[in-house]
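**Student:** The following file, protein.cif, comprises mmCIF, C-alpha atoms:
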```cif
data_protein
loop_
_atom_site.label_atom_id
_atom_site.label_comp_id
_atom_site.auth_asym_id
_atom_site.auth_seq_id
_atom_site.Cartn_x
_atom_site.Cartn_y
_atom_site.Cartn_z
CA MET W 1 0.00 0.00 0.00
CA ILE W 2 1.25 3.48 -0.86
CA THR W 3 0.04 6.61 0.88
CA ARG W 4 0.73 9.89 -0.92
CA ARG W 5 0.51 13.54 0.03
CA ALA W 6 -1.48 13.54 3.23
CA SER W 7 -2.03 17.06 4.54
CA GLY W 8 -3.03 19.13 7.55
CA ILE W 9 -1.82 16.65 10.19
CA PRO W 10 -1.20 18.00 13.70
CA ALA W 11 2.36 17.48 14.89
CA GLY W 12 4.67 18.60 17.63
CA TYR W 13 7.48 20.14 15.63
CA PRO W 14 8.90 23.08 17.60
CA LEU W 15 9.50 26.34 15.77
CA ARG W 16 11.67 29.29 16.67
CA PRO W 17 9.72 31.66 18.96
CA ALA W 18 7.79 34.10 16.82
CA HIS W 19 9.05 37.62 16.35
CA ARG W 20 5.96 39.77 16.21
CA PRO W 21 6.38 43.14 14.47
CA GLY W 22 5.25 46.22 16.32
CA GLY W 23 2.30 48.36 15.31
CA ALA W 24 4.31 50.73 13.12
CA ALA W 25 5.95 47.84 11.27
CA LEU W 26 2.59 46.16 10.71
CA PHE W 27 1.07 49.43 9.44
CA LEU W 28 3.96 49.93 7.01
CA ALA W 29 3.73 46.31 5.85
CA ALA W 30 0.01 46.74 5.25
CA LEU W 31 0.61 49.84 3.14
CA LEU W 32 3.31 48.12 1.10
CA GLY W 33 1.16 45.02 0.68
CA ALA W 34 -1.78 47.06 -0.51
CA ALA W 35 0.43 48.89 -2.99
CA GLY W 36 1.81 45.61 -4.30
CA CYS W 37 -1.66 44.10 -4.70
CA SER W 38 -2.99 47.13 -6.56
CA ALA W 39 -0.14 47.23 -9.08
CA ALA W 40 -1.45 45.32 -12.09
CA GLN W 41 1.00 43.24 -14.11
CA THR W 42 0.44 44.39 -17.68
CA SER W 43 1.66 41.12 -19.19
CA PRO W 44 2.33 37.57 -17.96
CA ARG W 45 5.64 37.12 -16.15
CA ALA W 46 7.44 33.96 -17.22
CA ILE W 47 9.13 31.60 -14.75
CA VAL W 48 11.93 29.40 -16.14
CA ASP W 49 14.18 26.81 -14.51
CA ALA W 50 17.71 28.10 -15.12
CA GLU W 51 19.38 24.68 -14.98
CA THR W 52 17.22 22.78 -17.48
CA GLY W 53 15.65 25.71 -19.33
CA GLN W 54 12.18 24.31 -18.65
CA LEU W 55 9.35 26.85 -18.65
CA TYR W 56 7.26 26.41 -15.50
CA GLY W 57 4.64 28.78 -16.87
CA GLY W 58 3.94 32.27 -15.63
CA VAL W 59 1.91 34.58 -13.43
CA ARG W 60 -0.28 37.59 -14.07
CA ASP W 61 -2.17 39.61 -11.46
CA GLY W 62 -1.68 36.84 -8.90
CA ARG W 63 -2.96 34.07 -11.16
CA TRP W 64 -0.81 31.16 -12.30
CA ILE W 65 -0.57 30.42 -16.02
CA ALA W 66 0.37 26.90 -17.12
CA ALA W 67 3.22 26.57 -19.63
CA GLU W 68 0.92 25.39 -22.41
CA ALA W 69 -1.27 28.48 -21.94
CA MET W 70 1.61 30.97 -22.14
CA ASP W 71 1.73 33.19 -25.23
CA LYS W 72 4.90 32.33 -27.16
CA GLY W 73 5.62 36.03 -27.55
CA THR W 74 5.79 36.62 -23.79
CA LEU W 75 9.53 35.92 -23.61
CA GLU W 76 10.52 37.63 -26.88
CA GLY W 77 13.04 40.33 -25.98
CA ALA W 78 12.17 40.15 -22.28
CA GLU W 79 15.03 40.28 -19.79
CA LEU W 80 14.74 37.75 -17.00
CA VAL W 81 16.81 37.80 -13.82
CA ARG W 82 18.37 34.61 -12.48
CA TYR W 83 17.81 34.06 -8.77
CA ALA W 84 20.12 31.51 -7.17
CA ASN W 85 18.66 28.87 -4.87
CA ASP W 86 19.61 30.91 -1.79
CA GLY W 87 17.77 33.97 -3.13
CA THR W 88 20.80 35.86 -4.44
CA ARG W 89 19.84 38.04 -7.40
CA GLY W 90 22.11 37.43 -10.38
CA ASN W 91 22.52 38.76 -13.90
CA SER W 92 19.69 39.27 -16.36
CA SER W 93 19.43 37.43 -19.67
CA VAL W 94 17.22 37.40 -22.74
CA LEU W 95 16.03 33.83 -23.31
CA ARG W 96 15.17 32.09 -26.57
CA PRO W 97 13.37 28.82 -27.28
CA VAL W 98 15.70 25.94 -28.13
CA PRO W 99 15.18 22.33 -29.24
CA THR W 100 16.26 19.60 -26.86
CA ASP W 101 17.04 15.90 -27.14
CA GLU W 102 15.41 15.27 -23.76
CA THR W 103 11.79 14.24 -23.35
CA CYS W 104 10.37 17.11 -21.33
CA SER W 105 6.84 18.22 -20.58
CA ASN W 106 7.30 21.94 -21.29
CA PRO W 107 9.14 24.22 -23.76
CA THR W 108 12.85 24.85 -23.17
CA TYR W 109 14.46 28.32 -23.10
CA ARG W 110 18.15 29.23 -22.91
CA PRO W 111 20.03 32.57 -22.70
CA GLN W 112 20.71 34.12 -26.11
CA SER W 113 24.23 34.89 -24.88
CA GLY W 114 25.01 31.17 -24.78
CA ALA W 115 25.74 31.29 -21.05
CA GLY W 116 25.99 27.87 -19.44
CA ALA W 117 23.24 26.33 -17.34
CA GLU W 118 23.29 27.16 -13.64
CA ALA W 119 20.98 26.13 -10.84
CA GLY W 120 18.39 28.76 -10.10
CA THR W 121 15.21 30.35 -11.43
CA TYR W 122 14.69 32.99 -14.11
CA LEU W 123 12.06 35.63 -13.30
CA ALA W 124 11.02 39.08 -14.51
CA PRO W 125 9.73 40.65 -11.29
CA ASP W 126 9.02 44.28 -10.44
CA TRP W 127 9.46 43.21 -6.81
CA ASP W 128 12.15 41.66 -4.65
CA ALA W 129 11.63 37.94 -5.23
CA ALA W 130 13.72 37.03 -2.18
CA PRO W 131 12.59 39.36 0.63
CA ARG W 132 13.47 36.73 3.25
CA ARG W 133 16.17 34.07 3.18
CA ALA W 134 16.01 30.50 4.40
CA THR W 135 18.27 29.19 7.17
CA VAL W 136 19.71 25.68 6.90
CA LEU W 137 19.53 23.80 10.21
CA SER W 138 21.50 20.79 11.40
CA THR W 139 19.92 17.54 10.23
CA ASP W 140 21.15 15.86 13.43
CA ASN W 141 18.61 17.77 15.52
CA PRO W 142 17.22 15.12 17.94
CA THR W 143 13.90 16.95 18.43
CA TYR W 144 13.06 16.95 14.74
CA ARG W 145 14.24 13.37 14.29
CA ALA W 146 11.97 12.22 17.13
CA ALA W 147 9.03 14.17 15.70
CA LEU W 148 9.61 12.65 12.25
CA SER W 149 9.76 9.18 13.80
CA ASP W 150 6.38 9.81 15.48
CA TRP W 151 4.87 11.07 12.20
CA LEU W 152 6.05 7.95 10.37
CA SER W 153 4.88 5.64 13.15
CA ALA W 154 1.35 7.04 12.82
CA ARG W 155 1.44 5.83 9.20
CA GLY W 156 2.67 2.33 9.93
CA ILE W 157 6.38 3.00 9.41
CA ALA W 158 8.79 2.09 12.21
CA ASP W 159 12.02 4.09 12.09
CA PRO W 160 13.23 5.09 15.57
CA ALA W 161 16.23 7.03 14.21
CA PRO W 162 15.34 8.50 10.80
CA ALA W 163 18.04 10.28 8.83
CA ILE W 164 16.89 13.78 7.85
CA ALA W 165 18.22 14.94 4.48
CA GLN W 166 17.18 18.62 4.69
CA LEU W 167 16.02 20.82 7.55
CA VAL W 168 15.29 24.41 6.55
CA ARG W 169 13.69 27.28 8.47
CA VAL W 170 12.09 30.21 6.64
CA ASP W 171 9.38 32.81 7.17
CA LEU W 172 7.19 32.08 4.15
CA GLU W 173 4.34 34.47 4.94
CA GLY W 174 6.33 37.46 6.19
CA ASP W 175 4.48 37.48 9.50
CA GLY W 176 7.56 36.97 11.68
CA ARG W 177 6.65 33.33 12.35
CA ASP W 178 8.89 30.69 10.84
CA GLU W 179 7.92 27.59 8.94
CA VAL W 180 10.19 24.53 8.85
CA VAL W 181 10.70 22.28 5.82
CA LEU W 182 12.01 18.74 6.30
CA THR W 183 12.93 16.09 3.75
CA ALA W 184 13.87 12.49 4.49
CA GLU W 185 13.83 9.08 2.87
CA ARG W 186 14.64 5.44 3.49
CA GLN W 187 14.97 3.55 0.23
CA ARG W 188 16.39 0.03 0.48
CA GLY W 189 14.94 -1.62 -2.61
CA SER W 190 15.89 -1.42 -6.27
CA ILE W 191 15.16 1.35 -8.77
CA THR W 192 11.66 -0.09 -9.28
CA SER W 193 10.98 -1.75 -5.91
CA THR W 194 10.68 -0.79 -2.26
CA ARG W 195 10.81 -2.73 0.98
CA ALA W 196 8.26 -2.62 3.77
CA GLY W 197 9.03 0.44 5.88
CA ASP W 198 10.57 2.53 3.09
CA TYR W 199 9.46 6.12 2.63
CA SER W 200 10.23 9.46 1.01
CA VAL W 201 8.72 12.66 2.38
CA LEU W 202 8.81 16.44 2.20
CA LEU W 203 7.00 17.97 5.18
CA LEU W 204 6.11 21.59 5.92
CA ASN W 205 5.54 22.56 9.55
CA ARG W 206 3.58 25.77 10.09
CA LEU W 207 1.63 27.57 12.78
CA GLN W 208 -2.14 27.82 12.54
CA GLY W 209 -3.09 30.15 15.34
CA GLU W 210 -0.96 28.88 18.21
CA ARG W 211 -1.00 25.26 17.01
CA VAL W 212 1.70 23.64 14.89
CA VAL W 213 0.47 21.45 12.04
CA THR W 214 2.37 19.34 9.54
CA VAL W 215 1.49 19.41 5.86
CA ALA W 216 2.99 16.68 3.68
CA LEU W 217 3.62 18.28 0.30
CA ARG W 218 5.05 14.96 -0.89
CA ALA W 219 4.78 11.73 1.08
CA ASP W 220 5.32 8.22 -0.28
CA VAL W 221 5.18 5.59 2.47
CA TYR W 222 5.38 1.84 1.95
CA PRO W 223 4.11 -0.25 4.89
CA GLU W 224 4.43 -3.35 2.66
CA ASP W 225 6.90 -4.61 0.05
CA CYS W 226 6.29 -3.31 -3.46
CA VAL W 227 8.12 -5.32 -6.12
CA ALA W 228 8.73 -4.06 -9.69
CA GLU W 229 5.86 -1.55 -9.49
CA CYS W 230 7.21 1.23 -7.27
CA ALA W 231 10.00 3.52 -8.44
CA PRO W 232 11.26 5.35 -5.34
CA THR W 233 11.27 9.12 -5.67
CA ARG W 234 13.56 11.51 -3.80
CA TYR W 235 12.17 14.92 -2.83
CA ARG W 236 14.21 18.04 -2.09
CA LEU W 237 13.41 21.67 -1.37
CA PHE W 238 14.98 23.54 -4.29
CA SER W 239 14.25 27.17 -3.39
CA THR W 240 11.82 29.58 -1.73
CA LEU W 241 10.96 32.70 -3.76
CA ASP W 242 8.13 35.20 -4.14
CA LEU W 243 7.11 34.24 -7.66
CA ASP W 244 3.83 36.17 -7.89
CA GLY W 245 4.65 39.43 -6.08
CA ASP W 246 2.28 39.04 -3.12
CA GLY W 247 5.09 39.21 -0.53
CA ARG W 248 4.79 35.54 0.41
CA LEU W 249 7.29 32.89 -0.63
CA GLU W 250 6.41 29.92 -2.81
CA LEU W 251 8.21 26.59 -2.40
CA ILE W 252 9.96 25.01 -5.39
CA VAL W 253 10.32 21.26 -4.90
CA THR W 254 12.53 18.83 -6.87
CA SER W 255 11.33 15.27 -7.50
CA GLU W 256 13.85 12.78 -8.87
CA ASP W 257 13.72 9.07 -9.67
CA TYR W 258 15.62 6.72 -11.98
CA GLU W 259 13.59 7.83 -15.01
CA GLY W 260 13.93 11.58 -14.72
CA ILE W 261 13.64 14.81 -12.78
CA GLY W 262 10.98 17.45 -12.29
CA ARG W 263 10.23 20.54 -10.25
CA ALA W 264 6.97 21.96 -8.96
CA VAL W 265 5.85 25.26 -7.46
CA TYR W 266 3.65 25.14 -4.35
CA GLY W 267 1.76 28.24 -3.22
CA LEU W 268 0.53 28.76 0.33
CA ASP W 269 -3.10 29.15 -0.75
CA ASP W 270 -3.23 25.50 -1.84
CA LEU W 271 -0.50 23.14 -0.68
CA THR W 272 -2.38 20.04 -1.85
CA GLN W 273 -1.26 20.37 -5.48
CA PRO W 274 1.40 22.22 -7.49
CA ALA W 275 0.56 25.59 -9.01
CA LEU W 276 3.09 25.04 -11.82
CA ALA W 277 5.35 22.14 -12.75
CA TRP W 278 7.59 20.53 -15.36
CA HIS W 279 9.16 17.09 -15.79
CA CYS W 280 11.92 15.63 -17.95
CA GLY W 281 12.03 11.89 -18.52
CA PRO W 282 9.88 9.09 -19.97
#
```
Render the structure in this file as structure tokens.
**Tutor:**
Amino acid sequence: MITRRASGIPAGYPLRPAHRPGGAALFLAALLGAAGCSAAQTSPRAIVDAETGQLYGGVRDGRWIAAEAMDKGTLEGAELVRYANDGTRGNSSVLRPVPTDETCSNPTYRPQSGAGAEAGTYLAPDWDAAPRRATVLSTDNPTYRAALSDWLSARGIADPAPAIAQLVRVDLEGDGRDEVVLTAERQRGSITSTRAGDYSVLLLNRLQGERVVTVALRADVYPEDCVAECAPTRYRLFSTLDLDGDGRLELIVTSEDYEGIGRAVYGLDDLTQPALAWHCGP
């Protein structure tokens, strides 16, 4: 049995004590937020994976646009800025469509200058796409390992000492209260099989009121053996950026298995499914 992408599950993950802005800061933030919301985007803003050249799609006036619905002329002559995974703003480039030998879901765009591929994300924002940076935490944290073990146990998976692959703290909403992203996996089978007790998860821990809940953006758990029918997938947090200009950060998640690689954008309004995505592979 495979359980995928459960969400909204209470958990006991501790977060850093909230820093609550004072009244003046909140008033200023409200003014800036209102100004940002009222500024219409005259044309769709493309979002492109800098490493593969895959077009995620775009955004206009806070609405996501799938890659297949993007006007081909949107990127013609437009300068896009490459943001590194840590939020560092890099150089701008004009992109052009290029053919590719890979089997990918979306169109591919590369810099006209011929610059080499680098990890990151191309955007054309009128706003700061990285207003807050993520902090990488130690994956040996015993509190988070114990909490992950409890979460897995509730789903029929016994792992008293899980190995965390990523542990990242970031204020996604800009409210002074941190969220924590955790990735982990145990994969002991072959490229197409898993053993009972294997798993691969990407969990987001956030505060709702004064209560911490865990949302599983991606969660594959295998309480039983799965032979020749289950290709284990590894999930990683790729980046956190404000892709639509609302002041909140979206999560970009990498999914990788033996057949290929893909990335997906998750927005805070709906964490149950990607807002935009691409995939390369069979």
**Student:** Counting only C-alpha atoms, which residue out of W:Gly62, W:Gly209, W:Pro44, W:Gly156 sits closest to Pro223 (chain W)?
**Tutor:**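 Between W:Gly62, W:Gly209, W:Pro44, W:Gly156, the residue approaching Pro223 (chain W) most closely is W:Gly156.
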**Student:** Enumerate, in order of chain and increasing residue number, the residues of region 172-226 of chain W with an atom no farther than 6 Å from region 231-243 of chain W, each with its shortest atom pair and distance in Å to one decimal, counting all atoms listed in the file, as a Markdown table.
**Tutor:**
```
| residue | atom | partner | partner_atom | distance |
| --- | --- | --- | --- | --- |
| W:Ile191 | CA | W:Ala231 | CA | 5.6 |
| W:Thr192 | CA | W:Ala231 | CA | 4.1 |
| W:Ser193 | CA | W:Ala231 | CA | 5.9 |
```
**Student:** Would you kindly translate the PyMOL selection byres ((chain W and resi 166-178) around 6) into the concrete residues it picks from this file, as number ranges by chain?
**Tutor:** W: 18-20, 134-137, 139, 164-165, 179-183, 248-249
**Student:** For the structure provided, state which residues fall under the PyMOL selection byres ((chain W and resi 100) around 12), and present them as JSON, numbers by chain.
**Tutor:** {"W": [52, 53, 54, 97, 98, 99, 101, 102, 103, 104, 105, 106, 107, 108, 109, 110, 280]}
**Student:** Filtering to C-alpha atoms, could you give me those residues as a compact mmCIF listing (two decimals), in the frame of the given file?
**Tutor:**
```txt
# COMPACT_ATOMS: atom_id res chain seq x y z
CA THR W 52 17.22 22.78 -17.48
CA GLY W 53 15.65 25.71 -19.33
CA GLN W 54 12.18 24.31 -18.65
CA PRO W 97 13.37 28.82 -27.28
CA VAL W 98 15.70 25.94 -28.13
CA PRO W 99 15.18 22.33 -29.24
CA ASP W 101 17.04 15.90 -27.14
CA GLU W 102 15.41 15.27 -23.76
CA THR W 103 11.79 14.24 -23.35
CA CYS W 104 10.37 17.11 -21.33
CA SER W 105 6.84 18.22 -20.58
CA ASN W 106 7.30 21.94 -21.29
CA PRO W 107 9.14 24.22 -23.76
CA THR W 108 12.85 24.85 -23.17
CA TYR W 109 14.46 28.32 -23.10
CA ARG W 110 18.15 29.23 -22.91
CA CYS W 280 11.92 15.63 -17.95
```
**Student:** Which distance in Å separates CA of Gly247 (chain W) and CA of Thr121 (chain W), to one decimal?
**Tutor:** 17.3 Å
**Student:** Which one is closest to Ile261 (chain W): W:Leu202, W:Glu51, W:Ala161, W:Gly73? Count all atoms listed in the file.
**Tutor:**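 Counting all atoms listed in the file, the residue closest to Ile261 (chain W) is W:Glu51.
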**Student:** State, in Å with one decimal place, the distance from CA of Arg82 (chain W) to CA of Glu118 (chain W).
**Tutor:**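 Rounded to one decimal, the two atoms are 9.0 Å apart.
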**Student:** Could you check how far CA of Ala184 (chain W) sits from CA of Arg263 (chain W), in Å to one decimal?
**Tutor:**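 If I compute the distance from CA of Ala184 (chain W) to CA of Arg263 (chain W), I get 17.2 Å.
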**Student:** List the residues selected by the PyMOL selection byres ((chain W and resi 206) around 8) in the file shown, writing them as number ranges by chain.
**Tutor:** W: 178-180, 204-205, 207-208, 212-215
**Student:** Go through W:Arg155, W:Arg132, W:Arg145, W:His279 one by one, measure the shortest atom-to-atom distance of each to Glu224 (chain W) using all atoms listed in the file, and give the residue with the smallest value.
**Tutor:** W:Arg155
**Student:** Using all atoms listed in the file, which residue out of W:Met70, W:Asp246, W:Ala163, W:Val221 lies closest to Arg195 (chain W)?
**Tutor:**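 Nearest to Arg195 (chain W): W:Val221.
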**Student:** Residues within 9 Å of (1.5, 20.2, -13.1), file coordinates, counting all atoms listed in the file: what are they? Give the list as an NGL selection string.
**Tutor:** :W and (56 or 66 or 264-265 or 273-279)
